[in-house]
$ cat run21.cif   # mmCIF, C-alpha atoms
data_model
#
loop_
_atom_site.label_atom_id
_atom_site.label_comp_id
_atom_site.auth_asym_id
_atom_site.auth_seq_id
_atom_site.Cartn_x
_atom_site.Cartn_y
_atom_site.Cartn_z
CA MET Y 29 90.38 75.49 87.73
CA GLU Y 30 88.77 77.99 85.40
CA ALA Y 31 88.04 80.36 88.27
CA MET Y 32 91.67 80.28 89.29
CA ASN Y 33 92.77 81.36 85.81
CA VAL Y 34 90.47 84.37 86.00
CA ASP Y 35 92.03 85.25 89.35
CA LEU Y 36 95.46 85.09 87.80
CA ILE Y 37 94.42 87.42 84.98
CA GLY Y 38 93.08 89.88 87.55
CA ALA Y 39 96.29 89.74 89.55
CA GLY Y 40 98.25 90.25 86.34
CA LEU Y 41 96.18 93.33 85.49
CA VAL Y 42 96.75 94.78 88.95
CA ILE Y 43 100.46 94.17 88.67
CA ILE Y 44 100.57 95.79 85.23
CA GLY Y 45 98.79 98.78 86.77
CA ALA Y 46 101.23 98.88 89.66
CA GLY Y 47 104.11 98.64 87.21
CA ILE Y 48 102.81 101.59 85.21
CA GLY Y 49 102.36 103.53 88.45
CA LEU Y 50 105.86 102.74 89.64
CA GLY Y 51 107.23 103.79 86.28
CA LYS Y 52 105.41 107.08 86.48
CA ILE Y 53 106.63 107.68 90.04
CA GLY Y 54 110.20 106.86 89.11
CA GLY Y 55 110.08 108.97 85.94
CA SER Y 56 108.56 111.96 87.71
CA ALA Y 57 111.11 111.70 90.49
CA MET Y 58 113.92 111.64 87.93
CA ASP Y 59 112.47 114.73 86.24
CA ALA Y 60 112.13 116.45 89.58
CA ILE Y 61 115.68 115.61 90.63
CA ALA Y 62 117.01 116.80 87.27
CA ARG Y 63 115.14 120.05 87.73
CA GLN Y 64 116.20 120.55 91.34
CA PRO Y 65 119.18 118.37 92.23
CA GLU Y 66 119.51 119.99 95.65
CA ALA Y 67 116.09 118.62 96.65
CA ALA Y 68 117.05 115.06 95.67
CA GLY Y 69 116.87 113.71 99.22
CA LYS Y 70 113.35 114.93 99.87
CA ILE Y 71 112.16 113.77 96.47
CA GLN Y 72 113.62 110.35 97.03
CA THR Y 73 111.89 110.00 100.39
CA ALA Y 74 108.54 110.97 98.92
CA MET Y 75 109.14 108.64 95.99
CA ILE Y 76 109.95 105.71 98.25
CA ILE Y 77 106.83 106.29 100.33
CA VAL Y 78 104.54 106.30 97.31
CA ALA Y 79 106.38 103.37 95.76
CA ALA Y 80 105.97 101.40 98.98
CA LEU Y 81 102.27 102.14 99.11
CA LEU Y 82 101.87 101.05 95.51
CA GLU Y 83 103.88 97.96 96.17
CA GLY Y 84 101.44 97.08 98.93
CA VAL Y 85 98.63 97.08 96.37
CA ALA Y 86 100.60 94.86 94.01
CA PHE Y 87 101.43 92.40 96.77
CA ALA Y 88 97.84 92.37 97.96
CA ALA Y 89 96.77 91.36 94.44
CA LEU Y 90 99.49 88.75 94.28
CA PHE Y 91 98.50 87.19 97.58
CA ALA Y 92 94.78 87.38 96.95
CA VAL Y 93 95.13 84.83 94.14
CA MET P 14 103.20 112.11 130.43
CA LYS P 15 100.59 109.38 130.76
CA LYS P 16 100.98 108.54 127.10
CA ASP P 17 104.68 108.31 127.66
CA ASN P 18 104.03 105.42 129.99
CA THR P 19 101.64 103.79 127.54
CA VAL P 20 104.33 103.63 124.92
CA LYS P 21 106.77 102.13 127.41
CA ILE P 22 104.30 99.50 128.53
CA LEU P 23 103.61 98.59 124.93
CA LEU P 24 107.29 98.17 124.36
CA ALA P 25 107.51 95.96 127.40
CA ILE P 26 104.87 93.59 126.04
CA PHE P 27 106.66 93.57 122.69
CA LEU P 28 108.53 90.39 123.50
CA VAL P 29 105.58 88.74 125.20
CA PHE P 30 103.68 89.04 121.95
CA PHE P 31 106.48 87.54 119.99
CA SER P 32 107.02 84.54 122.17
CA VAL P 33 103.45 83.32 121.67
CA ASN P 34 102.59 84.18 118.10
CA SER P 35 104.34 81.65 116.00
CA TYR P 36 101.86 78.83 116.36
CA ALA P 37 99.57 80.71 114.00
CA GLN P 38 102.15 81.26 111.34
CA ASP P 39 101.60 78.90 108.49
CA HIS P 40 98.56 80.55 106.93
CA GLY P 41 100.67 82.99 105.01
CA VAL P 42 103.06 80.33 103.92
CA GLU P 43 100.28 78.49 102.14
CA HIS P 44 99.63 81.63 100.17
CA ALA P 45 103.31 82.11 99.52
CA GLU P 46 103.36 78.92 97.51
CA ASN P 47 101.30 80.67 94.88
CA ILE P 48 104.10 83.00 93.91
CA ASP P 49 106.62 80.23 93.83
CA THR P 50 108.70 80.58 90.70
CA GLU P 51 108.35 77.28 88.93
CA PRO P 52 111.68 75.93 87.82
CA HIS P 53 111.82 75.06 84.14
CA GLU P 54 111.83 71.56 82.77
CA GLY P 55 115.28 70.09 82.59
CA PRO P 56 116.98 66.72 82.46
CA GLY P 57 115.49 64.53 85.15
CA ALA P 58 113.36 67.43 86.27
CA ILE P 59 110.48 65.55 87.85
CA ASN P 60 112.14 64.48 91.06
CA THR P 61 114.50 67.38 91.61
CA LYS P 62 111.83 69.96 90.84
CA GLU P 63 109.59 68.54 93.54
CA GLU P 64 112.49 68.39 95.92
CA VAL P 65 113.36 72.01 95.22
CA THR P 66 109.78 73.11 95.79
CA GLU P 67 109.61 71.12 98.99
CA TYR P 68 112.91 72.57 100.15
CA ILE P 69 111.73 76.14 99.51
CA ASP P 70 108.47 75.49 101.34
CA HIS P 71 110.38 74.11 104.30
CA HIS P 72 112.68 77.09 104.29
CA LEU P 73 109.78 79.53 104.42
CA GLN P 74 108.09 77.79 107.32
CA ASP P 75 108.75 77.99 110.97
CA SER P 76 110.07 74.79 112.46
CA HIS P 77 110.71 72.95 115.69
CA TYR P 78 114.21 72.13 114.50
CA PHE P 79 117.11 74.41 113.78
CA ASN P 80 118.29 72.75 110.62
CA PHE P 81 121.65 73.81 109.24
CA PHE P 82 121.56 71.49 106.26
CA SER P 83 120.07 68.17 105.22
CA ASP P 84 121.25 65.28 103.09
CA GLY P 85 118.22 64.16 101.12
CA SER P 86 119.86 61.00 99.79
CA ILE P 87 120.30 59.46 103.22
CA GLY P 88 117.56 61.49 104.94
CA ALA P 89 119.92 62.99 107.47
CA HIS P 90 119.39 66.38 109.09
CA TYR P 91 122.19 68.35 110.68
CA GLY P 92 120.99 70.74 113.31
CA PHE P 93 119.48 70.73 116.76
CA SER P 94 116.03 70.28 118.19
CA LEU P 95 114.28 73.09 119.99
CA PRO P 96 112.11 72.84 123.08
CA VAL P 97 108.40 72.28 122.67
CA ILE P 98 106.13 73.97 125.18
CA LEU P 99 102.48 72.99 125.02
CA TRP P 100 99.52 74.17 127.03
CA ASP P 101 97.26 71.17 127.39
CA ASN P 102 95.80 71.14 130.91
CA GLY P 103 99.08 72.43 132.24
CA PHE P 104 102.36 73.17 130.58
CA LYS P 105 104.17 70.28 128.93
CA VAL P 106 107.79 70.87 128.10
CA PHE P 107 109.82 68.40 126.09
CA SER P 108 112.36 68.40 123.29
CA ALA P 109 111.26 68.34 119.67
CA ALA P 110 113.77 65.54 119.19
CA GLU P 111 111.06 63.20 120.48
CA PHE P 112 109.14 63.70 117.24
CA HIS P 113 112.07 62.47 115.13
CA HIS P 114 111.07 64.91 112.36
CA GLY P 115 107.44 63.85 112.49
CA GLU P 116 108.16 60.15 112.20
CA THR P 117 107.34 59.13 115.75
CA LEU P 118 104.89 60.18 118.43
CA ALA P 119 105.96 62.07 121.49
CA ASN P 120 104.62 60.45 124.63
CA VAL P 121 104.41 62.99 127.44
CA ASP P 122 102.69 62.10 130.71
CA GLY P 123 100.49 59.52 128.98
CA GLU P 124 99.39 61.89 126.19
CA TYR P 125 100.46 61.40 122.59
CA TYR P 126 101.44 64.24 120.31
CA LYS P 127 102.22 64.08 116.64
CA LEU P 128 104.09 66.59 114.50
CA TYR P 129 102.14 66.80 111.26
CA HIS P 130 102.86 69.46 108.65
CA ASN P 131 104.81 71.46 111.21
CA LYS P 132 101.89 71.54 113.64
CA ILE P 133 101.45 69.57 116.79
CA TYR P 134 98.28 67.49 117.14
CA LYS P 135 97.09 65.40 120.03
CA THR P 136 96.52 61.85 118.89
CA ASN P 137 95.75 58.41 120.25
CA ALA P 138 98.49 55.89 120.89
CA GLU P 139 98.58 54.87 117.20
CA GLY P 140 99.06 58.43 116.01
CA ASP P 141 95.96 58.56 113.78
CA ILE P 142 95.10 61.90 112.25
CA ASN P 143 91.40 62.31 111.41
CA TYR P 144 90.28 64.46 108.51
CA ASP P 145 87.13 66.32 107.64
CA GLU P 146 85.69 66.56 104.10
CA GLU P 147 88.15 69.24 103.02
CA GLY P 148 91.12 67.21 104.17
CA HIS P 149 91.88 69.32 107.23
CA ALA P 150 92.96 67.49 110.34
CA THR P 151 90.30 67.49 113.05
CA ASN P 152 92.53 66.38 115.90
CA VAL P 153 92.82 68.60 118.95
CA LYS P 154 95.63 71.12 118.67
CA PRO P 155 97.12 72.06 122.02
CA LEU P 156 98.20 75.67 122.41
CA ASP P 157 101.76 75.82 121.18
CA PHE P 158 104.11 78.16 123.02
CA SER P 159 107.21 76.44 121.70
CA ILE P 160 110.56 78.09 121.24
CA THR P 161 110.53 77.50 117.51
CA LYS P 162 113.22 78.57 115.07
CA ASN P 163 111.61 81.97 114.58
CA VAL P 164 111.12 82.57 118.29
CA LEU P 165 114.74 81.60 118.91
CA ALA P 166 115.87 83.99 116.20
CA MET P 167 113.81 86.80 117.72
CA LEU P 168 115.15 86.11 121.20
CA VAL P 169 118.72 86.11 119.87
CA VAL P 170 118.13 89.36 118.01
CA SER P 171 116.57 90.94 121.08
CA LEU P 172 119.54 89.94 123.18
CA LEU P 173 121.92 91.18 120.50
CA MET P 174 120.11 94.51 120.33
CA PHE P 175 120.17 94.80 124.11
CA ILE P 176 123.92 94.22 124.23
CA MET P 177 124.64 96.52 121.28
CA PHE P 178 122.58 99.41 122.53
CA ARG P 179 123.63 99.05 126.16
CA GLY P 180 127.18 99.31 124.86
CA LEU P 181 126.30 102.38 122.81
CA ALA P 182 124.49 104.05 125.70
CA SER P 183 127.17 103.37 128.27
CA SER P 184 129.92 104.67 125.98
CA TYR P 185 128.39 108.16 126.26
CA LYS P 186 129.11 108.25 129.98
CA ASN P 187 132.80 108.90 129.53
CA LYS P 188 133.09 110.48 126.11
CA ASP P 189 131.03 112.45 123.68
CA ILE P 190 131.64 110.00 120.87
CA PRO P 191 130.86 106.30 121.06
CA THR P 192 133.55 103.66 120.89
CA GLY P 193 133.78 100.40 119.02
CA PHE P 194 130.66 99.10 117.34
CA GLY P 195 128.69 102.06 118.64
CA ARG P 196 130.26 104.11 115.87
CA VAL P 197 128.29 102.05 113.37
CA LEU P 198 125.06 102.37 115.32
CA GLU P 199 125.16 106.05 116.15
CA PRO P 200 124.66 107.30 112.57
CA LEU P 201 121.72 104.93 112.15
CA VAL P 202 120.13 106.11 115.39
CA ILE P 203 120.61 109.72 114.35
CA TYR P 204 119.25 108.92 110.91
CA VAL P 205 116.07 107.45 112.42
CA ARG P 206 115.73 110.50 114.65
CA ASP P 207 116.50 113.24 112.14
CA ASP P 208 115.13 111.79 108.91
CA ILE P 209 112.27 109.61 110.09
CA ALA P 210 110.94 110.79 113.45
CA LYS P 211 111.45 114.55 113.40
CA PRO P 212 110.02 115.44 109.97
CA ASN P 213 107.05 113.09 110.24
CA ILE P 214 106.01 113.30 113.88
CA GLY P 215 107.00 116.86 114.67
CA PRO P 216 107.88 118.34 118.05
CA LYS P 217 106.43 115.41 120.02
CA TYR P 218 108.80 112.94 118.42
CA ARG P 219 110.82 112.13 121.55
CA LYS P 220 108.45 109.75 123.23
CA TYR P 221 108.07 107.65 120.09
CA MET P 222 111.80 107.29 119.49
CA GLY P 223 111.96 104.14 121.62
CA PHE P 224 109.40 102.38 119.52
CA LEU P 225 110.74 103.60 116.19
CA LEU P 226 114.33 102.66 116.98
CA THR P 227 113.32 99.26 118.34
CA VAL P 228 111.18 98.41 115.36
CA PHE P 229 113.80 99.69 112.89
CA PHE P 230 116.68 97.69 114.29
CA PHE P 231 114.53 94.66 115.05
CA ILE P 232 113.32 94.42 111.45
CA LEU P 233 116.70 95.35 110.01
CA ILE P 234 118.66 92.75 111.96
CA LEU P 235 116.08 90.05 111.33
CA ASN P 236 116.07 90.88 107.61
CA LEU P 237 119.86 90.67 107.53
CA PHE P 238 119.76 87.38 109.45
CA GLY P 239 117.38 86.10 106.81
CA LEU P 240 120.07 86.64 104.18
CA THR P 241 122.53 84.39 105.98
CA PRO P 242 122.58 80.67 105.22
CA LEU P 243 121.11 79.98 108.66
CA GLY P 244 117.77 79.73 106.89
CA ILE P 245 115.63 81.79 109.20
CA ASN P 246 112.73 83.67 107.71
CA VAL P 247 111.24 85.64 110.59
CA THR P 248 110.13 88.85 108.90
CA GLY P 249 108.68 86.73 106.11
CA ASN P 250 106.29 85.27 108.66
CA ILE P 251 102.90 86.91 108.65
CA ALA P 252 102.33 86.37 112.38
CA VAL P 253 105.46 88.36 113.20
CA THR P 254 104.61 91.20 110.84
CA PHE P 255 101.05 91.12 112.14
CA CYS P 256 102.27 91.73 115.69
CA LEU P 257 104.59 94.51 114.56
CA ALA P 258 101.76 96.19 112.67
CA LEU P 259 99.41 95.65 115.62
CA ILE P 260 101.80 97.49 117.91
CA THR P 261 101.93 100.40 115.45
CA PHE P 262 98.13 100.35 115.26
CA ILE P 263 97.74 100.44 119.05
CA ILE P 264 100.30 103.21 119.45
CA VAL P 265 98.60 105.30 116.76
CA GLN P 266 95.18 104.86 118.33
CA PHE P 267 96.44 105.66 121.82
CA SER P 268 98.30 108.77 120.64
CA GLY P 269 95.40 110.11 118.58
CA ASN P 270 94.33 113.58 119.65
CA LYS P 271 90.87 115.03 119.21
CA HIS P 272 91.63 116.26 115.69
CA TYR P 273 92.56 112.76 114.65
CA TRP P 274 89.31 111.29 115.96
CA LYS P 275 87.30 114.17 114.58
CA HIS P 276 88.73 113.58 111.14
CA ILE P 277 87.70 109.96 111.39
CA PHE P 278 84.20 110.21 112.80
CA TRP P 279 83.01 113.69 111.85
CA MET P 280 85.14 115.07 109.03
CA PRO P 281 85.19 118.86 109.29
CA GLY P 282 84.55 121.03 106.25
CA VAL P 283 82.22 118.74 104.32
CA PRO P 284 78.38 118.58 104.20
CA VAL P 285 76.59 116.34 106.70
CA PRO P 286 75.61 113.53 104.26
CA MET P 287 79.24 113.38 103.21
CA LYS P 288 80.34 113.15 106.84
CA ILE P 289 78.18 110.05 107.22
CA VAL P 290 79.59 108.52 104.04
CA LEU P 291 83.16 109.31 105.04
CA MET P 292 82.91 107.81 108.52
CA PRO P 293 83.03 104.10 107.55
CA ILE P 294 85.68 104.84 104.93
CA GLU P 295 87.89 106.53 107.50
CA VAL P 296 87.34 103.73 110.01
CA LEU P 297 88.33 101.26 107.31
CA GLY P 298 91.38 103.39 106.54
CA MET P 299 92.38 103.16 110.20
CA ILE P 300 92.64 99.39 109.82
CA THR P 301 94.02 99.18 106.30
CA LYS P 302 97.07 101.25 107.21
CA PRO P 303 98.59 98.69 109.61
CA PHE P 304 97.26 95.92 107.37
CA ALA P 305 99.33 97.31 104.51
CA LEU P 306 102.34 97.52 106.83
CA MET P 307 101.90 93.86 107.68
CA ILE P 308 101.46 92.67 104.10
CA ARG P 309 104.28 94.81 102.74
CA LEU P 310 106.99 93.53 105.03
CA PHE P 311 105.79 89.94 104.89
CA ALA P 312 105.39 89.88 101.11
CA ASN P 313 108.70 91.58 100.40
CA MET P 314 110.71 89.26 102.56
CA THR P 315 108.88 86.11 101.49
CA ALA P 316 109.15 87.04 97.83
CA GLY P 317 112.85 87.75 98.24
CA HIS P 318 113.48 84.40 99.88
CA VAL P 319 111.47 82.56 97.25
CA VAL P 320 113.35 84.23 94.40
CA VAL P 321 116.78 83.52 95.88
CA MET P 322 115.92 79.93 96.71
CA SER P 323 114.30 79.32 93.32
CA LEU P 324 117.32 80.65 91.46
CA LEU P 325 119.56 78.39 93.51
CA GLY P 326 117.12 75.56 92.86
CA LEU P 327 117.45 76.09 89.11
CA ILE P 328 121.09 75.03 89.39
CA VAL P 329 119.90 71.73 90.81
CA VAL P 330 117.27 71.39 88.10
CA PHE P 331 119.53 72.08 85.13
CA GLN P 332 122.71 70.45 86.40
CA ASN P 333 125.10 71.59 83.71
CA TRP P 334 128.18 73.78 83.40
CA ILE P 335 126.44 76.73 81.79
CA ALA P 336 123.44 77.04 84.09
CA GLY P 337 125.45 76.64 87.29
CA PRO P 338 127.63 79.76 87.05
CA ALA P 339 124.84 81.72 85.36
CA PHE P 340 122.34 81.11 88.16
CA PHE P 341 125.05 81.61 90.74
CA GLY P 342 125.54 85.05 89.21
CA PHE P 343 121.81 85.72 89.21
CA THR P 344 121.58 84.65 92.85
CA LEU P 345 124.42 86.94 93.78
CA PHE P 346 122.70 89.79 91.95
CA ILE P 347 119.35 89.15 93.65
CA SER P 348 121.08 88.73 97.03
CA ILE P 349 122.61 92.17 96.70
CA ILE P 350 119.20 93.58 95.82
CA GLU P 351 117.86 91.76 98.88
CA LEU P 352 120.49 93.51 100.98
CA LEU P 353 119.03 96.79 99.75
CA VAL P 354 115.49 95.51 100.37
CA ALA P 355 116.43 94.52 103.92
CA PHE P 356 117.37 98.11 104.69
CA LEU P 357 114.53 99.56 102.63
CA GLN P 358 111.82 97.52 104.33
CA ALA P 359 113.08 98.38 107.81
CA TYR P 360 113.15 102.01 106.72
CA ILE P 361 109.69 101.90 105.13
CA PHE P 362 108.11 100.23 108.13
CA THR P 363 109.61 102.77 110.51
CA LEU P 364 108.86 105.69 108.21
CA LEU P 365 105.22 104.74 107.72
CA SER P 366 104.80 104.06 111.44
CA ALA P 367 106.19 107.52 112.12
CA LEU P 368 103.91 108.97 109.47
CA TYR P 369 100.81 107.38 110.98
CA ILE P 370 101.82 108.49 114.47
CA GLY P 371 102.48 111.95 113.07
CA MET P 372 99.01 112.07 111.56
CA ALA P 373 97.52 111.10 114.92
CA VAL P 374 99.41 113.68 117.02
CA GLU P 375 99.46 116.51 114.50
CA ASP P 376 98.09 119.89 115.60
CA HIS P 377 95.61 121.27 113.13
CA ASP P 378 95.61 124.80 114.49
CA HIS P 379 97.49 126.52 111.73
CA HIS P 380 95.98 125.05 108.59
CA PRO P 381 92.23 124.55 108.41
CA GLU P 382 92.11 123.94 104.67
CA ASP P 383 95.47 122.81 103.28
CA HIS P 384 95.15 119.06 103.15
CA SER P 385 96.85 119.13 99.79
CA ASP P 386 100.26 118.44 101.30
CA ASP P 387 99.13 115.42 103.30
CA ILE P 388 100.98 112.39 102.15
CA PRO P 389 98.55 109.97 100.48
CA VAL P 390 97.48 107.08 102.64
CA ILE P 391 97.23 103.60 101.11
#
$ encode --input "run21.cif" --output "structure tokens"
Amino acid sequence: MEAMNVDLIGAGLVIIGAGIGLGKIGGSAMDAIARQPEAAGKIQTAMIIVAALLEGVAFAALFAV
Amino acid sequence: MKKDNTVKILLAIFLVFFSVNSYAQDHGVEHAENIDTEPHEGPGAINTKEEVTEYIDHHLQDSHYFNFFSDGSIGAHYGFSLPVILWDNGFKVFSAAEFHHGETLANVDGEYYKLYHNKIYKTNAEGDINYDEEGHATNVKPLDFSITKNVLAMLVVSLLMFIMFRGLASSYKNKDIPTGFGRVLEPLVIYVRDDIAKPNIGPKYRKYMGFLLTVFFFILILNLFGLTPLGINVTGNIAVTFCLALITFIIVQFSGNKHYWKHIFWMPGVPVPMKIVLMPIEVLGMITKPFALMIRLFANMTAGHVVVMSLLGLIVVFQNWIAGPAFFGFTLFISIIELLVAFLQAYIFTLLSALYIGMAVEDHDHHPEDHSDDIPVI
């Protein structure tokens, strides 16, 4: 039981990390789009790719519990 | 041109893979329970909460019945049974109705089979299930090739795709623009070609278009089917996503040129000790890429289904006039997000597949040093 709680804390930490990362990606993409609105499509694609990769990490942590 | 054929053959075995994979499906579902959103305590919560959890678990699993809805109070199920096909010293085909939802044994040619936790075990005439120390059943499991709910959904989607795209293709014979439903499909096909395949694969994109389009529409339509009240959860099944990712993996490995393999086994431009250190890491990276594809699709769809079902379950748990409309609103909100996720996951899967293929077929002639613009992997 105790071991499981430690697992949950670890998963929580990973998800906090992933959340911070997603926030940074989203924020940077917003900055980039504001700077260069005509490149919005390309920026969005790159953003979605990185976000998806990060999401994979978060889900891996979630399912490893 | 030989590789061209390889891709086509892989596409041909696409369906063969899918018709046999679902017997191995429930491993992921056990894990999925861990992220189950626990409904809060409410009036009379003990029974309904368990029922809600059970209902969600059942929804996430594959099944030998196509259940439209059930009435828990009288134990009635409204739906139809699907055929069971077992390999146990020869094929045995019978209807899942013989199990009566796991309550009775199916007697086929003198052998007894029992449906236990959605799996078929061979038993004696009394239907005893033996357990080992960990509580796992030790009975013989015959190979299950059944047309389960998920397999049926995939067959229906395949047929639907065949009809839709035959219609689209044949409409080009007479006119330059498609007619009817083809007008919805053509922009999507062009989108996959111009925004996914061309920028990521490069000039050799044509021979991978078949795979990319198939996988895009297959995942998209199955995701959208999962949002209907039919209660099918195919892309939230790890066996299905495993096969999809496996096909991507095989295509990437078969399309890899010598630069691709050189970058894996003998990384150019770094000292020899580093080459030796990088080799296992790169080999691991080869496998983690499709692994991430598998987990991403599976986890996204499963999580989406669990959230929607849990929010609906909260209405049952609370049972009052405030919670009902509020959670209905939440469910609607999440469902619309799920609609976005359905498109996004199909897009991501196709995009990353194209990216991995692009990395395998890329020519490294013009840039020996600029790896800075490579898109990060994993």
$ residues_near_point --input "run21.cif" --point "(109.1, 70.0, 126.0)" --cutoff "9 Å" --atoms "all atoms listed in the file" --output "JSON, numbers by chain"
{"P": [95, 96, 97, 98, 99, 104, 105, 106, 107, 108, 109, 111, 121, 159]}
$ residues_around --input "run21.cif" --residues "Y:Ile71" --least-positions-apart "6" --cutoff "10 Å" --atoms "only C-alpha atoms" --output "PyMOL selection string"
chain Y and resi 56-58+60-61+64-65+77
$ write_last_selection --input "run21.cif" --atoms "C-alpha atoms" --output "CSV table (one decimal), keeping the file's coordinate frame"
chain,number,residue,atom,x,y,z
Y,56,SER,CA,108.6,112.0,87.7
Y,57,ALA,CA,111.1,111.7,90.5
Y,58,MET,CA,113.9,111.6,87.9
Y,60,ALA,CA,112.1,116.4,89.6
Y,61,ILE,CA,115.7,115.6,90.6
Y,64,GLN,CA,116.2,120.6,91.3
Y,65,PRO,CA,119.2,118.4,92.2
Y,77,ILE,CA,106.8,106.3,100.3
$ residues_around --input "run21.cif" --residues "P:Ile294" --least-positions-apart "5" --cutoff "12 Å" --atoms "all atoms listed in the file" --output "PyMOL selection string"
chain P and resi 276-280+287-289+299-301
$ resolve_selection --input "run21.cif" --expression "the PyMOL selection byres ((chain P and resi 306) around 8)" --output "MDAnalysis selection string"
(chainID Y and resid 84) or (chainID P and resid 254 258 302:305 307:310 362 365)
$ atom_distance --input "run21.cif" --atom1 "atom CA of P:Phe356" --atom2 "atom CA of P:Val202"
13.6 Å
$ interface_residues --input "run21.cif" --of "chain Y" --to "chain P" --cutoff "8 Å" --atoms "all atoms listed in the file" --output "list in words"
Ile76, Ile77, Val78, Ala80, Leu81, Leu82, Glu83, Gly84, Phe87, Ala88, Leu90, Phe91 and Val93 of chain Y
$ write_last_selection --input "run21.cif" --atoms "C-alpha atoms" --output "tab-separated table (two decimals), in the coordinates of the input"
chain	number	residue	atom	x	y	z
Y	76	ILE	CA	109.95	105.71	98.25
Y	77	ILE	CA	106.83	106.29	100.33
Y	78	VAL	CA	104.54	106.30	97.31
Y	80	ALA	CA	105.97	101.40	98.98
Y	81	LEU	CA	102.27	102.14	99.11
Y	82	LEU	CA	101.87	101.05	95.51
Y	83	GLU	CA	103.88	97.96	96.17
Y	84	GLY	CA	101.44	97.08	98.93
Y	87	PHE	CA	101.43	92.40	96.77
Y	88	ALA	CA	97.84	92.37	97.96
Y	90	LEU	CA	99.49	88.75	94.28
Y	91	PHE	CA	98.50	87.19	97.58
Y	93	VAL	CA	95.13	84.83	94.14
$ residues_around --input "run21.cif" --residues "stretch 124-137 of chain P" --least-positions-apart "2" --cutoff "8 Å" --atoms "all atoms listed in the file" --output "MDAnalysis selection string"
chainID P and resid 36 75:77 112 114:122 139:142 152:155 157
$ atom_distance --input "run21.cif" --atom1 "atom CA of P:Gly193" --atom2 "atom CA of P:Met177"
10.2 Å
$ atom_distance --input "run21.cif" --atom1 "atom CA of P:Ile214" --atom2 "atom CA of P:Asp189"
26.9 Å
$ closest_residue --input "run21.cif" --among "P:Leu73, P:Cys256, P:Tyr369, P:Met167" --to "P:Leu233" --atoms "all atoms listed in the file"
P:Met167
$ residues_near_point --input "run21.cif" --point "(96.1, 90.6, 88.5)" --cutoff "6 Å" --atoms "all atoms listed in the file" --output "number ranges by chain"
Y: 36-43
$ resolve_selection --input "run21.cif" --expression "the PyMOL selection byres ((chain P and resi 64-70) around 8)" --output "CSV table (one decimal) with C-alpha atoms, in the coordinates of the input"
chain,number,residue,atom,x,y,z
P,42,VAL,CA,103.1,80.3,103.9
P,46,GLU,CA,103.4,78.9,97.5
P,60,ASN,CA,112.1,64.5,91.1
P,61,THR,CA,114.5,67.4,91.6
P,62,LYS,CA,111.8,70.0,90.8
P,63,GLU,CA,109.6,68.5,93.5
P,71,HIS,CA,110.4,74.1,104.3
P,72,HIS,CA,112.7,77.1,104.3
P,73,LEU,CA,109.8,79.5,104.4
P,74,GLN,CA,108.1,77.8,107.3
P,319,VAL,CA,111.5,82.6,97.2
P,322,MET,CA,115.9,79.9,96.7
P,323,SER,CA,114.3,79.3,93.3
P,326,GLY,CA,117.1,75.6,92.9
P,329,VAL,CA,119.9,71.7,90.8
$ build_atoms --input "run21.cif" --residues "stretch 56-66 of chain Y" --atoms "N, CA and C atoms" --output "PDB file, in the frame of the given file"
ATOM      1  N   SER Y  56     108.790 110.609  87.183  1.00  0.00           N
ATOM      2  CA  SER Y  56     108.560 111.960  87.710  1.00  0.00           C
ATOM      3  C   SER Y  56     109.639 112.351  88.701  1.00  0.00           C
ATOM      4  N   ALA Y  57     110.068 111.384  89.516  1.00  0.00           N
ATOM      5  CA  ALA Y  57     111.110 111.700  90.490  1.00  0.00           C
ATOM      6  C   ALA Y  57     112.402 112.056  89.781  1.00  0.00           C
ATOM      7  N   MET Y  58     112.712 111.327  88.700  1.00  0.00           N
ATOM      8  CA  MET Y  58     113.920 111.640  87.930  1.00  0.00           C
ATOM      9  C   MET Y  58     113.837 113.055  87.359  1.00  0.00           C
ATOM     10  N   ASP Y  59     112.665 113.377  86.775  1.00  0.00           N
ATOM     11  CA  ASP Y  59     112.470 114.730  86.240  1.00  0.00           C
ATOM     12  C   ASP Y  59     112.679 115.769  87.324  1.00  0.00           C
ATOM     13  N   ALA Y  60     112.064 115.486  88.496  1.00  0.00           N
ATOM     14  CA  ALA Y  60     112.130 116.450  89.580  1.00  0.00           C
ATOM     15  C   ALA Y  60     113.555 116.630  90.076  1.00  0.00           C
ATOM     16  N   ILE Y  61     114.296 115.510  90.152  1.00  0.00           N
ATOM     17  CA  ILE Y  61     115.680 115.610  90.630  1.00  0.00           C
ATOM     18  C   ILE Y  61     116.525 116.357  89.600  1.00  0.00           C
ATOM     19  N   ALA Y  62     116.264 116.098  88.308  1.00  0.00           N
ATOM     20  CA  ALA Y  62     117.010 116.800  87.270  1.00  0.00           C
ATOM     21  C   ALA Y  62     116.749 118.300  87.332  1.00  0.00           C
ATOM     22  N   ARG Y  63     115.505 118.648  87.654  1.00  0.00           N
ATOM     23  CA  ARG Y  63     115.140 120.050  87.730  1.00  0.00           C
ATOM     24  C   ARG Y  63     115.744 120.715  88.963  1.00  0.00           C
ATOM     25  N   GLN Y  64     115.714 119.971  90.071  1.00  0.00           N
ATOM     26  CA  GLN Y  64     116.200 120.550  91.340  1.00  0.00           C
ATOM     27  C   GLN Y  64     117.084 119.536  92.051  1.00  0.00           C
ATOM     28  N   PRO Y  65     118.316 119.412  91.633  1.00  0.00           N
ATOM     29  CA  PRO Y  65     119.180 118.370  92.230  1.00  0.00           C
ATOM     30  C   PRO Y  65     119.372 118.547  93.729  1.00  0.00           C
ATOM     31  N   GLU Y  66     119.273 119.793  94.221  1.00  0.00           N
ATOM     32  CA  GLU Y  66     119.510 119.990  95.650  1.00  0.00           C
ATOM     33  C   GLU Y  66     118.378 119.426  96.501  1.00  0.00           C
TER      34      GLU Y  66
END
